[in-house]
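Asker: Questions regarding the structure given below will be posed in turn.
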Amino acid sequence: MGRRPRGAIPAPASGPALQAIQAAPLLKDRAYEALRDAILRLDLRPGEPLTERVLAERLGVSKSPIRDGLIRLEQEGLVRSTPFKGFEVAGLTPEDMHAVFEFREAMELYCVEAFVGRASDARLAELEATQAHQRRLMEANEWLRAYEESRFHQTLVESLENPVFLAAARVVQAQLRRIQNLASTIPGRLAKTHAEHEAVLHGIRACDVAAAQQAMRVHIRSVLEDTLRSSELRRITSAGVG
């Protein structure tokens, strides 16, 4: 296979540009990461067909690593395959979102309980630090960084130090990330999220499991409700598919 020129592969009329992959080592892993990032960023939209030949051309690789990547993404629930039709980006319907958030709520309520019961002072300091970091970025009007650099929920999950739980959480968080990226476009949502995180942290500081869990429940349901009402969700799920 001949080498393609360096830089981004130009976008076809129906899709965004994708960055060409240059290095051969672990090519299938890099193809997987490139596709995964494009799905999570919503550059590849819910329901969009994923043709191996087209993706291979846009990433500058053969079809083999593309197929490997699509199979891995299907296992994560980010891609779906249909007999005689091939692969497509998994949908993002209200039913899909309710299913993800139902699991998320159960997972994070348990994380809060476990954090209050056994997290170290260092873990609490880490949670405080990520909240303070986000506050400083918001005050500086660096809204994108404030969203992208927050590790509030990751800190809660990682505090369990349970590899089985972490593996399950990673699959859910991959699907959740698409919804969070969508929610980040809603005016006022980030400030609301920060205040809701502060309420969770207040309960944790007080070692009040019930209060911290209720604050987390309110936060999770608030994000879901705001996202379901957003015009951006309608645009993303209805435009450019097919």
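Identifiers in this document derive from the order of the structure tokens: chains are assigned A, B, ..., residues are numbered from 1 separately in each chain, and ligands are numbered from 1 in order of occurrence.
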Range 152-161 of chain A: which residues within 9 Å, counting only C-alpha atoms, same-chain residues fewer than 2 positions away excluded, as a list in words?
Answerer: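 Surrounding residues, per the criterion: Met107, Glu108, Cys111, Val112, Ala114, Phe115, Arg118, Ala119, Ser120, Arg123, Leu124, Glu126, Leu127, Glu128, Thr130, Gln131, Ser150, Pro163, Phe165, Leu166, Ala169 and His197 of chain A.
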Asker: Any chance you can output those residues with C-alpha atoms as a PDB file, in the first residue's frame?
Answerer:
```pdb
ATOM      1  CA  MET A 107     -22.854   2.870  39.804  1.00  0.00           C
ATOM      2  CA  GLU A 108     -22.189   6.360  41.105  1.00  0.00           C
ATOM      3  CA  CYS A 111     -19.158   4.974  44.454  1.00  0.00           C
ATOM      4  CA  VAL A 112     -20.283   7.792  46.752  1.00  0.00           C
ATOM      5  CA  ALA A 114     -17.765   3.591  49.168  1.00  0.00           C
ATOM      6  CA  PHE A 115     -15.871   6.882  48.968  1.00  0.00           C
ATOM      7  CA  ARG A 118     -13.110   4.122  52.887  1.00  0.00           C
ATOM      8  CA  ALA A 119     -11.484   6.800  50.715  1.00  0.00           C
ATOM      9  CA  SER A 120      -8.146   8.121  51.927  1.00  0.00           C
ATOM     10  CA  ARG A 123      -8.391  10.825  47.508  1.00  0.00           C
ATOM     11  CA  LEU A 124     -10.538  13.475  49.162  1.00  0.00           C
ATOM     12  CA  GLU A 126      -7.845  14.923  44.801  1.00  0.00           C
ATOM     13  CA  LEU A 127     -11.617  15.396  44.615  1.00  0.00           C
ATOM     14  CA  GLU A 128     -11.328  18.835  46.197  1.00  0.00           C
ATOM     15  CA  THR A 130     -10.430  18.842  40.620  1.00  0.00           C
ATOM     16  CA  GLN A 131     -13.423  20.854  41.832  1.00  0.00           C
ATOM     17  CA  SER A 150     -12.730  17.862  35.274  1.00  0.00           C
ATOM     18  CA  PRO A 163     -10.238  -3.637  38.536  1.00  0.00           C
ATOM     19  CA  PHE A 165     -15.574  -2.423  38.595  1.00  0.00           C
ATOM     20  CA  LEU A 166     -13.208  -0.158  36.654  1.00  0.00           C
ATOM     21  CA  ALA A 169     -17.260   1.497  34.351  1.00  0.00           C
ATOM     22  CA  HIS A 197     -20.789  18.527  42.187  1.00  0.00           C
TER      23      HIS A 197
END
```
Asker: Write out as a list of chain:residue names which residues come within 10 Å of Met97 in chain A when counting only C-alpha atoms, dropping same-chain ones fewer than 3 positions away.
Answerer: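 Contacts, in chain order: A:Gly91, A:Leu92, A:Thr93, A:Pro94, A:Val100, A:Phe101, A:Glu102, A:Gln175, A:Leu176, A:Ile179, A:Leu224, A:Thr227, A:Leu228.
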Asker: Can you pull out every residue within 7 Å of range 33-45 of chain A, counting only C-alpha atoms, but drop anything in the same chain fewer than 6 positions away, and send it as number ranges by chain?
Answerer: A: 16, 89, 177-178, 181, 236
Asker: Store the residues picked out above, limited to N, CA and C atoms, as a CSV table (one decimal), in the first residue's frame.
Answerer:
```csv
chain,number,residue,atom,x,y,z
A,16,PRO,N,-16.7,14.5,8.5
A,16,PRO,CA,-15.6,15.4,8.9
A,16,PRO,C,-14.3,14.8,8.5
A,89,VAL,N,-22.7,3.8,13.5
A,89,VAL,CA,-22.6,4.4,14.9
A,89,VAL,C,-23.8,4.1,15.7
A,177,ARG,N,-19.8,9.4,27.6
A,177,ARG,CA,-19.0,10.5,27.1
A,177,ARG,C,-19.7,11.2,26.0
A,178,ARG,N,-20.3,10.5,25.1
A,178,ARG,CA,-21.1,11.1,24.0
A,178,ARG,C,-22.2,12.0,24.5
A,181,ASN,N,-20.6,15.1,26.1
A,181,ASN,CA,-20.1,16.1,25.1
A,181,ASN,C,-21.3,16.8,24.5
A,236,ILE,N,-28.3,16.6,16.3
A,236,ILE,CA,-27.3,15.5,16.1
A,236,ILE,C,-27.9,14.2,15.6
```
Asker: Which residues are close to Lys85 in chain A, i.e. within 10 Å by only C-alpha atoms, leaving aside same-chain residues fewer than 2 positions away? Reply as a list of chain:residue names.
Answerer: A:Pro49, A:Leu50, A:Thr51, A:Ser81, A:Thr82, A:Pro83, A:Phe87, A:Glu88
Asker: Taking the chain letters and numbering used in this document, name the residues of range 37-227 of chain A that DSSP puts in strand (DSSP E), as a VMD selection string.
Answerer: chain A and resid 49 to 50 79 to 82 86 to 89
Asker: As an exercise, work out the distance from CA of Lys28 in chain A to CA of Leu73 in chain A in Å and give it to one decimal place.
Answerer: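 Distance between the two atoms: 12.1 Å.
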Asker: Enumerate the residues of range 3-242 of chain A with a DSSP assignment of helix (DSSP H, G or I), computed from the backbone, and present them as an NGL selection string.
Answerer: :A and (27-40 or 52-59 or 63-75 or 94-118 or 121-139 or 143-148 or 152-158 or 163-183 or 189-205 or 209-229 or 231-238)
Asker: Neighbouring residues of range 65-72 of chain A were defined as those with any atom within 7 Å, considering only C-alpha atoms; residues of the same chain fewer than 5 positions away were excluded. Please report them as a list of chain:residue names.
Answerer: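 Non-adjacent residues within range: A:Leu27, A:Lys28, A:Ala31, A:Tyr32, A:Glu52, A:Ala56, A:Val79.
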